[in-house]
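Undergrad: final_36.txt is the file, holding compact mmCIF, C-alpha atoms and all ligand atoms:
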```txt
# COMPACT_ATOMS: atom_id res chain seq x y z
CA MET R 22 0.00 0.00 0.00
CA THR R 23 1.46 3.29 -1.09
CA GLN R 24 1.61 6.20 1.30
CA SER R 25 -0.09 8.96 -0.58
CA ILE R 26 1.58 12.29 -1.10
CA GLU R 27 -0.85 14.78 0.29
CA THR R 28 0.74 17.97 -0.97
CA VAL R 29 2.24 18.84 -4.34
CA VAL R 30 3.86 22.17 -5.23
CA PHE R 31 3.74 23.60 -8.76
CA PRO R 32 6.30 26.34 -9.42
CA VAL R 33 4.58 28.39 -12.14
CA ALA R 34 6.02 31.88 -11.74
CA GLY R 35 8.35 31.73 -14.78
CA LEU R 36 7.81 34.28 -17.56
CA GLY R 37 7.63 31.83 -20.44
CA SER R 38 9.69 34.13 -22.63
CA ARG R 39 10.59 31.28 -25.00
CA PHE R 40 6.98 31.29 -26.20
CA LEU R 41 6.57 35.01 -26.79
CA PRO R 42 4.39 36.54 -28.11
CA ALA R 43 1.96 33.69 -27.26
CA THR R 44 2.75 34.12 -23.56
CA LYS R 45 2.62 37.90 -23.41
CA ALA R 46 -0.82 37.95 -21.78
CA ILE R 47 -1.37 34.30 -20.79
CA PRO R 48 0.78 32.02 -18.64
CA LYS R 49 2.78 29.42 -20.56
CA GLU R 50 1.22 26.79 -18.28
CA MET R 51 -2.15 27.61 -19.86
CA LEU R 52 -1.00 26.72 -23.39
CA PRO R 53 -3.00 23.66 -24.43
CA VAL R 54 -1.57 20.34 -25.56
CA VAL R 55 -4.51 19.15 -27.70
CA ASP R 56 -7.39 20.14 -25.38
CA GLN R 57 -5.94 20.60 -21.91
CA PRO R 58 -3.59 23.27 -20.61
CA LEU R 59 -0.17 22.05 -19.52
CA ILE R 60 -0.96 22.80 -15.87
CA GLN R 61 -3.96 20.46 -16.06
CA TYR R 62 -1.74 17.51 -16.98
CA ALA R 63 0.48 18.32 -14.00
CA VAL R 64 -2.51 18.56 -11.65
CA ASN R 65 -4.00 15.32 -12.99
CA GLU R 66 -0.73 13.56 -12.30
CA ALA R 67 -0.59 14.86 -8.73
CA VAL R 68 -4.20 13.92 -8.02
CA ALA R 69 -3.73 10.45 -9.51
CA ALA R 70 -0.82 9.98 -7.10
CA GLY R 71 -3.12 10.84 -4.18
CA ALA R 72 -2.45 14.56 -3.70
CA ARG R 73 -5.23 16.52 -2.02
CA ARG R 74 -3.51 19.87 -1.47
CA LEU R 75 -2.14 21.66 -4.50
CA ILE R 76 0.09 24.67 -4.01
CA PHE R 77 0.82 26.95 -6.94
CA VAL R 78 3.77 29.31 -6.68
CA THR R 79 2.66 32.03 -9.07
CA GLY R 80 3.69 35.44 -10.34
CA ARG R 81 2.05 38.64 -11.54
CA THR R 82 0.78 37.39 -14.91
CA LYS R 83 -0.63 34.08 -13.71
CA LYS R 84 -4.18 34.92 -12.76
CA ALA R 85 -5.56 32.62 -15.48
CA ILE R 86 -4.23 29.62 -13.55
CA GLU R 87 -6.26 30.61 -10.48
CA ASP R 88 -9.34 31.14 -12.63
CA HIS R 89 -8.88 27.80 -14.37
CA PHE R 90 -9.07 25.87 -11.09
CA ASP R 91 -11.85 28.02 -9.63
CA MET R 92 -15.54 27.37 -10.15
CA ALA R 93 -16.76 29.11 -13.35
CA TYR R 94 -20.14 30.09 -11.95
CA GLU R 95 -21.67 31.81 -15.02
CA LEU R 96 -20.42 29.12 -17.39
CA GLU R 97 -21.67 26.26 -15.22
CA THR R 98 -25.07 27.90 -14.71
CA GLU R 99 -25.48 28.45 -18.46
CA LEU R 100 -24.47 24.89 -19.34
CA ALA R 101 -26.80 23.46 -16.69
CA LYS R 102 -29.70 25.63 -17.94
CA SER R 103 -29.20 24.45 -21.49
CA HIS R 104 -28.79 20.79 -20.40
CA LYS R 105 -25.31 20.49 -21.85
CA GLN R 106 -24.33 17.85 -19.32
CA ALA R 107 -21.20 16.55 -21.07
CA LEU R 108 -19.74 20.05 -21.32
CA LEU R 109 -20.73 20.80 -17.74
CA ASP R 110 -18.94 17.65 -16.55
CA CYS R 111 -15.93 18.68 -18.59
CA ALA R 112 -15.84 22.17 -17.02
CA LYS R 113 -16.15 20.68 -13.53
CA SER R 114 -13.57 17.93 -14.07
CA VAL R 115 -10.56 20.23 -13.76
CA LEU R 116 -10.47 19.61 -10.02
CA PRO R 117 -11.97 16.56 -8.30
CA GLU R 118 -13.96 17.04 -5.12
CA GLY R 119 -11.90 17.05 -1.96
CA VAL R 120 -8.85 18.59 -3.65
CA SER R 121 -7.92 22.12 -2.55
CA CYS R 122 -5.77 24.75 -4.23
CA ALA R 123 -3.64 27.42 -2.60
CA PHE R 124 -1.69 30.16 -4.33
CA VAL R 125 1.40 31.95 -3.14
CA ARG R 126 3.34 34.63 -4.98
CA GLN R 127 7.01 34.48 -5.84
CA SER R 128 7.44 38.21 -6.23
CA GLN R 129 11.03 38.14 -7.50
CA PRO R 130 12.56 35.77 -10.08
CA LEU R 131 15.08 34.24 -7.69
CA GLY R 132 15.15 30.70 -9.07
CA LEU R 133 13.46 27.33 -8.65
CA GLY R 134 14.82 26.81 -5.13
CA HIS R 135 13.40 30.13 -4.04
CA ALA R 136 10.03 29.26 -5.67
CA VAL R 137 9.84 26.03 -3.67
CA LEU R 138 10.82 27.91 -0.51
CA CYS R 139 7.87 30.28 -1.07
CA ALA R 140 5.57 27.27 -0.49
CA LYS R 141 7.08 26.48 2.94
CA PRO R 142 4.34 28.09 5.08
CA LEU R 143 1.68 26.12 3.19
CA VAL R 144 3.43 22.75 3.06
CA GLY R 145 4.16 22.24 6.74
CA ASP R 146 6.44 19.50 8.00
CA ARG R 147 5.51 16.53 5.83
CA PRO R 148 7.11 15.16 2.68
CA PHE R 149 5.77 16.81 -0.46
CA GLY R 150 5.97 16.54 -4.21
CA VAL R 151 7.15 19.11 -6.74
CA ILE R 152 6.00 19.00 -10.36
CA LEU R 153 7.39 21.30 -13.05
CA PRO R 154 4.52 21.54 -15.57
CA ASP R 155 6.93 22.19 -18.50
CA ASP R 156 8.05 18.60 -18.15
CA LEU R 157 5.08 16.69 -19.50
CA ILE R 158 5.40 12.94 -18.98
CA ASP R 159 3.07 10.36 -20.45
CA ALA R 160 3.38 7.45 -18.05
CA GLY R 161 0.04 5.77 -18.69
CA GLN R 162 -1.55 4.22 -15.62
CA GLN R 163 1.49 4.81 -13.40
CA PRO R 164 2.07 8.59 -13.10
CA VAL R 165 5.67 9.50 -12.35
CA MET R 166 4.72 11.14 -9.03
CA GLN R 167 3.21 7.78 -8.04
CA GLN R 168 6.41 5.99 -9.09
CA LEU R 169 8.39 8.35 -6.83
CA ALA R 170 5.93 7.83 -3.96
CA ASP R 171 6.31 4.04 -4.24
CA GLN R 172 10.08 4.43 -4.05
CA PHE R 173 9.82 6.87 -1.13
CA ASP R 174 7.72 4.35 0.81
CA GLN R 175 10.60 1.88 0.72
CA THR R 176 13.29 4.22 2.06
CA GLY R 177 11.74 7.40 3.50
CA ARG R 178 14.38 9.35 1.57
CA SER R 179 13.82 12.12 -0.97
CA VAL R 180 13.45 10.88 -4.56
CA ILE R 181 14.25 12.74 -7.77
CA SER R 182 13.15 11.62 -11.21
CA VAL R 183 15.85 11.24 -13.84
CA LYS R 184 16.27 10.14 -17.42
CA ARG R 185 19.23 9.42 -19.68
CA VAL R 186 19.92 12.22 -22.15
CA PRO R 187 22.47 12.55 -24.95
CA GLU R 188 25.78 13.78 -23.52
CA ASP R 189 25.66 17.03 -25.49
CA LEU R 190 22.44 18.01 -23.66
CA THR R 191 23.56 17.54 -20.04
CA GLN R 192 24.32 21.27 -19.66
CA LEU R 193 20.57 21.97 -19.80
CA TYR R 194 19.72 19.94 -16.70
CA GLY R 195 20.57 19.05 -13.15
CA VAL R 196 22.74 15.93 -13.43
CA VAL R 197 23.22 13.15 -10.86
CA ASP R 198 26.10 10.77 -10.25
CA ILE R 199 25.08 7.28 -9.07
CA GLY R 200 28.38 5.51 -9.82
CA ASP R 201 27.80 2.10 -11.40
CA GLN R 202 24.53 1.24 -9.61
CA ALA R 203 21.85 -0.29 -11.80
CA GLY R 204 18.46 1.48 -11.83
CA PRO R 205 15.71 2.30 -11.69
CA ALA R 206 16.36 3.51 -8.11
CA ALA R 207 19.86 4.41 -6.95
CA ALA R 208 21.43 6.37 -4.12
CA ILE R 209 22.69 9.70 -5.45
CA HIS R 210 26.39 10.28 -4.84
CA SER R 211 26.38 13.85 -6.09
CA ILE R 212 24.20 16.27 -8.04
CA VAL R 213 25.16 19.36 -10.01
CA GLU R 214 23.08 22.05 -11.72
CA LYS R 215 23.67 22.56 -15.45
CA PRO R 216 27.30 21.40 -15.62
CA ALA R 217 29.51 23.02 -18.27
CA ARG R 218 30.00 21.01 -21.46
CA GLY R 219 32.23 18.01 -20.82
CA GLN R 220 31.95 18.41 -17.02
CA ALA R 221 28.82 16.34 -16.33
CA PRO R 222 29.35 13.41 -13.94
CA SER R 223 26.96 11.25 -16.02
CA ASN R 224 24.14 11.58 -18.54
CA LEU R 225 21.40 11.04 -15.93
CA ALA R 226 19.41 14.27 -16.06
CA VAL R 227 16.89 15.54 -13.52
CA VAL R 228 13.39 15.84 -14.99
CA GLY R 229 10.80 17.96 -13.19
CA ARG R 230 9.47 15.59 -10.51
CA TYR R 231 10.74 15.63 -6.95
CA LEU R 232 9.53 14.07 -3.73
CA LEU R 233 11.25 15.89 -0.89
CA THR R 234 11.45 15.74 2.85
CA PRO R 235 10.63 19.06 4.58
CA ARG R 236 14.27 19.42 5.66
CA ILE R 237 14.82 20.87 2.18
CA PHE R 238 13.18 24.12 3.32
CA GLU R 239 15.80 24.84 6.00
CA LEU R 240 18.54 24.01 3.52
CA LEU R 241 16.99 26.31 0.91
CA GLU R 242 16.91 29.12 3.46
CA THR R 243 20.68 28.96 3.75
CA THR R 244 21.60 28.06 0.17
CA ALA R 245 23.65 30.78 -1.48
CA PRO R 246 22.45 32.15 -4.84
CA ASP R 247 24.41 31.07 -7.93
CA GLN R 248 26.29 33.45 -10.28
CA ARG R 249 22.97 34.53 -11.81
CA GLY R 250 21.56 35.40 -8.40
CA GLU R 251 19.20 32.38 -8.36
CA ILE R 252 18.74 29.93 -5.51
CA GLN R 253 18.88 26.49 -7.10
CA LEU R 254 16.85 23.56 -5.81
CA THR R 255 19.68 21.33 -7.04
CA ASP R 256 22.17 23.05 -4.69
CA ALA R 257 19.92 22.45 -1.67
CA ILE R 258 19.45 18.80 -2.71
CA ALA R 259 23.26 18.48 -2.89
CA ARG R 260 23.37 19.48 0.79
CA LEU R 261 20.49 17.12 1.61
CA LEU R 262 22.64 14.26 0.31
CA ASP R 263 25.17 14.81 3.11
CA GLU R 264 22.48 14.79 5.80
CA GLN R 265 19.75 12.36 4.78
CA GLY R 266 20.75 10.97 1.39
CA ALA R 267 18.39 10.90 -1.58
CA ASP R 268 17.63 8.55 -4.43
CA SER R 269 17.31 9.06 -8.14
CA TYR R 270 14.57 7.21 -9.96
CA GLU R 271 14.72 6.43 -13.66
CA PHE R 272 11.02 6.68 -14.38
CA ASN R 273 8.88 4.79 -16.86
CA GLY R 274 7.21 7.15 -19.28
CA GLN R 275 7.70 9.35 -22.29
CA HIS R 276 9.00 12.83 -21.44
CA PHE R 277 8.32 15.96 -23.47
CA ASP R 278 10.15 19.21 -22.77
CA CYS R 279 7.21 21.55 -23.25
CA GLY R 280 9.41 24.49 -22.26
CA SER R 281 10.72 24.28 -25.83
CA LYS R 282 8.68 24.72 -28.99
CA LEU R 283 9.96 21.46 -30.46
CA GLY R 284 9.07 19.45 -27.34
CA PHE R 285 5.69 21.13 -27.20
CA LEU R 286 4.95 20.16 -30.81
CA GLN R 287 6.11 16.58 -30.22
CA ALA R 288 3.78 16.33 -27.22
CA THR R 289 0.91 17.73 -29.29
CA VAL R 290 1.42 15.08 -31.98
CA GLU R 291 1.73 12.18 -29.53
CA TYR R 292 -1.25 13.20 -27.41
CA ALA R 293 -3.37 13.82 -30.50
CA LEU R 294 -2.53 10.33 -31.75
CA LYS R 295 -3.90 8.92 -28.47
CA HIS R 296 -6.95 11.15 -28.18
CA PRO R 297 -10.15 9.07 -28.51
CA GLU R 298 -11.92 11.57 -30.79
CA LEU R 299 -8.93 12.68 -32.83
CA LYS R 300 -6.59 9.75 -33.22
CA GLN R 301 -8.09 8.30 -36.37
CA GLY R 302 -8.50 11.54 -38.30
CA PHE R 303 -5.13 12.85 -37.17
CA ALA R 304 -3.31 9.62 -38.08
CA GLU R 305 -4.93 9.76 -41.51
CA TYR R 306 -3.82 13.35 -41.90
CA LEU R 307 -0.23 12.51 -40.91
CA THR R 308 -0.16 9.54 -43.26
CA HIS R 309 -1.40 11.69 -46.09
CA ARG R 310 1.07 14.45 -45.18
CA GLY R 311 3.96 11.98 -45.05
CA ALA R 312 3.05 10.78 -48.54
CA LEU R 313 3.35 14.28 -49.99
C1 LIG M 1 15.11 23.02 -13.70
C2 LIG M 1 16.11 22.45 -12.70
C3 LIG M 1 17.01 21.42 -13.39
C4 LIG M 1 16.16 20.35 -14.03
C5 LIG M 1 15.13 20.97 -14.98
C6 LIG M 1 14.17 19.93 -15.49
O1 LIG M 1 15.81 23.77 -14.67
O2 LIG M 1 16.89 23.51 -12.17
O3 LIG M 1 17.88 20.85 -12.45
O4 LIG M 1 16.98 19.43 -14.72
O5 LIG M 1 14.37 21.99 -14.32
O6 LIG M 1 13.27 20.48 -16.39
P1 LIG M 1 15.07 24.78 -15.70
O7 LIG M 1 14.60 23.94 -16.83
O8 LIG M 1 13.95 25.42 -14.94
O9 LIG M 1 16.13 25.76 -16.11
```
Let me see the file written as structure tokens.
Ligand code: G1P

TA:
Amino acid sequence: MTQSIETVVFPVAGLGSRFLPATKAIPKEMLPVVDQPLIQYAVNEAVAAGARRLIFVTGRTKKAIEDHFDMAYELETELAKSHKQALLDCAKSVLPEGVSCAFVRQSQPLGLGHAVLCAKPLVGDRPFGVILPDDLIDAGQQPVMQQLADQFDQTGRSVISVKRVPEDLTQLYGVVDIGDQAGPAAAIHSIVEKPARGQAPSNLAVVGRYLLTPRIFELLETTAPDQRGEIQLTDAIARLLDEQGADSYEFNGQHFDCGSKLGFLQATVEYALKHPELKQGFAEYLTHRGAL
């Protein structure tokens, strides 16, 4: 029996400048992959893993995220009046009953570690999950947050999701060293944020899912900013290794980097090819297109 993760934090304060001008007035987390905004996939994953408290670390331009998870009173009343039950169910399905949302502002862009620290007063002193919505992962019936929770139950130590990446991409990620241990779970020997080319200890890259013990908050409070003035979650995890240890977990699932346009398009194609109403027509279109 898996211990459920009650609380999951979603750092969503980033500006999304890579998607300008699309993200000038709407948060990048509200961009849809087929028919759901990115943040909805992240929330669905958390809820499927048992989360009941969702904490969004937001910024000034992120009001649409709050509205998305709030009740849309006028819309729901209209749909109910006109007996559009399927659409009404769809509008209500964004948040299952019994799941609550809280929002906290990260008023300065001081990095991912600082964003997580902003959630401290709302998380309390229990282990919690972190999901970066840019990292969309299709893991079928076994969401990655659930995979991390299962691992956590065995050891009680923090767990960080990782995947193998080509060596010339390691400088884009946090990278872990697990020596010659065989996966999927392994004790992390060291972790480094965005190592310079040729300096990475391995090609095991951190992907945006973390299950952390609350000790991370105290470590974040005393973690020095990097050269860019940002407090890195990776640097606090490096200190956690000395105290409590932590494990990496090579998850099962297909990862899409939706922080990049290419990853976003790849996700759109793959999710469309699985969508019950679209898969046939879209596959036909792609087949036809490929034949051109
Ligand atoms: C963040 C983390 C990095 C991790 C990455 C995964 O970086 O700092 O360690 O590998 O997310 O997406 P960012 O992509 O926000 O620069």

Undergrad: Please report, as CSV, each residue of region 228-266 of chain R lying at most 8 Å from region 202-219 of chain R, together with the nearest pair of atoms and the separation in Å rounded to one decimal; use only C-alpha atoms, and order rows by chain and ascending residue number.

TA:
```
residue,atom,partner,partner_atom,distance
R:Gln253,CA,R:Glu214,CA,7.7
R:Thr255,CA,R:Glu214,CA,5.8
R:Asp256,CA,R:Val213,CA,7.1
R:Ile258,CA,R:Ile212,CA,7.6
R:Ala259,CA,R:Ile212,CA,5.7
R:Leu262,CA,R:Ile209,CA,7.3
R:Gly266,CA,R:Ala208,CA,7.2
```

Undergrad: Taking all atoms listed in the file into account, which residues are within 6 Å of ligand LIG 1 (chain M), as a list in words?

TA: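 Every residue with an atom at most 6 Å from ligand LIG 1 (chain M) is listed here: Asp156, Tyr194, Gly195, Glu214, Ala226, Val227, Val228, Gly229 and Thr255 of chain R.
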
Undergrad: Could you save those same residues with C-alpha atoms as an mmCIF file, in the coordinates of the input?

TA:
```cif
data_model
loop_
_atom_site.group_PDB
_atom_site.id
_atom_site.type_symbol
_atom_site.label_atom_id
_atom_site.label_comp_id
_atom_site.auth_asym_id
_atom_site.auth_seq_id
_atom_site.Cartn_x
_atom_site.Cartn_y
_atom_site.Cartn_z
ATOM 1 C CA ASP R 156 8.050 18.600 -18.150
ATOM 2 C CA TYR R 194 19.720 19.940 -16.700
ATOM 3 C CA GLY R 195 20.570 19.050 -13.150
ATOM 4 C CA GLU R 214 23.080 22.050 -11.720
ATOM 5 C CA ALA R 226 19.410 14.270 -16.060
ATOM 6 C CA VAL R 227 16.890 15.540 -13.520
ATOM 7 C CA VAL R 228 13.390 15.840 -14.990
ATOM 8 C CA GLY R 229 10.800 17.960 -13.190
ATOM 9 C CA THR R 255 19.680 21.330 -7.040
#
```

Undergrad: Have a look at CA of Arg310 (chain R) and CA of Leu157 (chain R) and let me know their distance in Å, one decimal.

TA: 26.1 Å

Undergrad: May I have the residues within 10 Å of Lys45 (chain R) as a list of chain:residue names, using all atoms listed in the file and disregarding those fewer than 5 positions away in the same chain?

TA: R:Leu36, R:Gly37, R:Ser38, R:Phe40, R:Thr82

Undergrad: Find, counting all atoms listed in the file, the residue in R:Gly280, R:Gln287, R:Lys102, R:Pro164 that gets nearest to Thr44 (chain R).

TA: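 Between R:Gly280, R:Gln287, R:Lys102, R:Pro164, the residue approaching Thr44 (chain R) most closely is R:Gly280.
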
Undergrad: Any idea what the distance is between CA of Leu225 (chain R) and CA of Gly274 (chain R)?

TA: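 Between these atoms lies a distance of 15.1 Å.
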
Undergrad: Do you have the CA of Ile86 (chain R)-CA of Asn65 (chain R) distance handy?

TA: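 Result for CA of Ile86 (chain R) versus CA of Asn65 (chain R): 14.3 Å, one decimal.
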
Undergrad: I want to know what sits within 12 Å of region 135-138 of chain R, based on all atoms listed in the file, with residues of the same chain fewer than 2 positions away left out; could you give that as an MDAnalysis selection string?

TA: chainID R and resid 29:35 76:80 124:133 140:145 149:153 231:233 235:247 250:257

Undergrad: Got a sec: who's within 9 Å of region 114-116 of chain R, counting all atoms listed in the file, leaving out chain neighbours fewer than 3 positions off, as a VMD selection string?

TA: chain R and resid 61 64 to 65 68 89 to 91 109 to 111 119 to 121

Undergrad: Using all atoms listed in the file, find the one residue out of R:Val54, R:Val183, R:Ile47, R:Ala70 that sits nearest to Asp88 (chain R).

TA: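 For Asp88 (chain R), the nearest of the given residues is R:Ile47.
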
Undergrad: Which protein, DNA or RNA residues are at most 6 Å from (-2.2, 9.9, -2.5) in the file's coordinates when you count only C-alpha atoms, listed as a VMD selection string?

TA: chain R and resid 25 to 27 70 to 72

Undergrad: Residues within 12 Å of Ala304 (chain R), please, as number ranges by chain. Count all atoms listed in the file; anything in the same chain fewer than 3 positions from it doesn't count.

TA: R: 290-301, 307-311

Undergrad: Please determine the residues with any atom at most 7 Å from (25.1, 13.6, -16.0) (coordinates as given in the file, with only C-alpha atoms counting) and report them as a PyMOL selection string.

TA: chain R and resi 191+196-198+221-226

Undergrad: Restrict the selected residues to C-alpha atoms and save them as a PDB file, keeping the file's coordinate frame.

TA:
```pdb
ATOM      1  CA  THR R 191      23.560  17.540 -20.040  1.00  0.00           C
ATOM      2  CA  VAL R 196      22.740  15.930 -13.430  1.00  0.00           C
ATOM      3  CA  VAL R 197      23.220  13.150 -10.860  1.00  0.00           C
ATOM      4  CA  ASP R 198      26.100  10.770 -10.250  1.00  0.00           C
ATOM      5  CA  ALA R 221      28.820  16.340 -16.330  1.00  0.00           C
ATOM      6  CA  PRO R 222      29.350  13.410 -13.940  1.00  0.00           C
ATOM      7  CA  SER R 223      26.960  11.250 -16.020  1.00  0.00           C
ATOM      8  CA  ASN R 224      24.140  11.580 -18.540  1.00  0.00           C
ATOM      9  CA  LEU R 225      21.400  11.040 -15.930  1.00  0.00           C
ATOM     10  CA  ALA R 226      19.410  14.270 -16.060  1.00  0.00           C
TER      11      ALA R 226
END
```

Undergrad: Go through R:His276, R:Arg260, R:Arg185, R:Arg147 and flag the residue nearest Thr234 (chain R), using only C-alpha atoms for the distances.

TA: R:Arg147
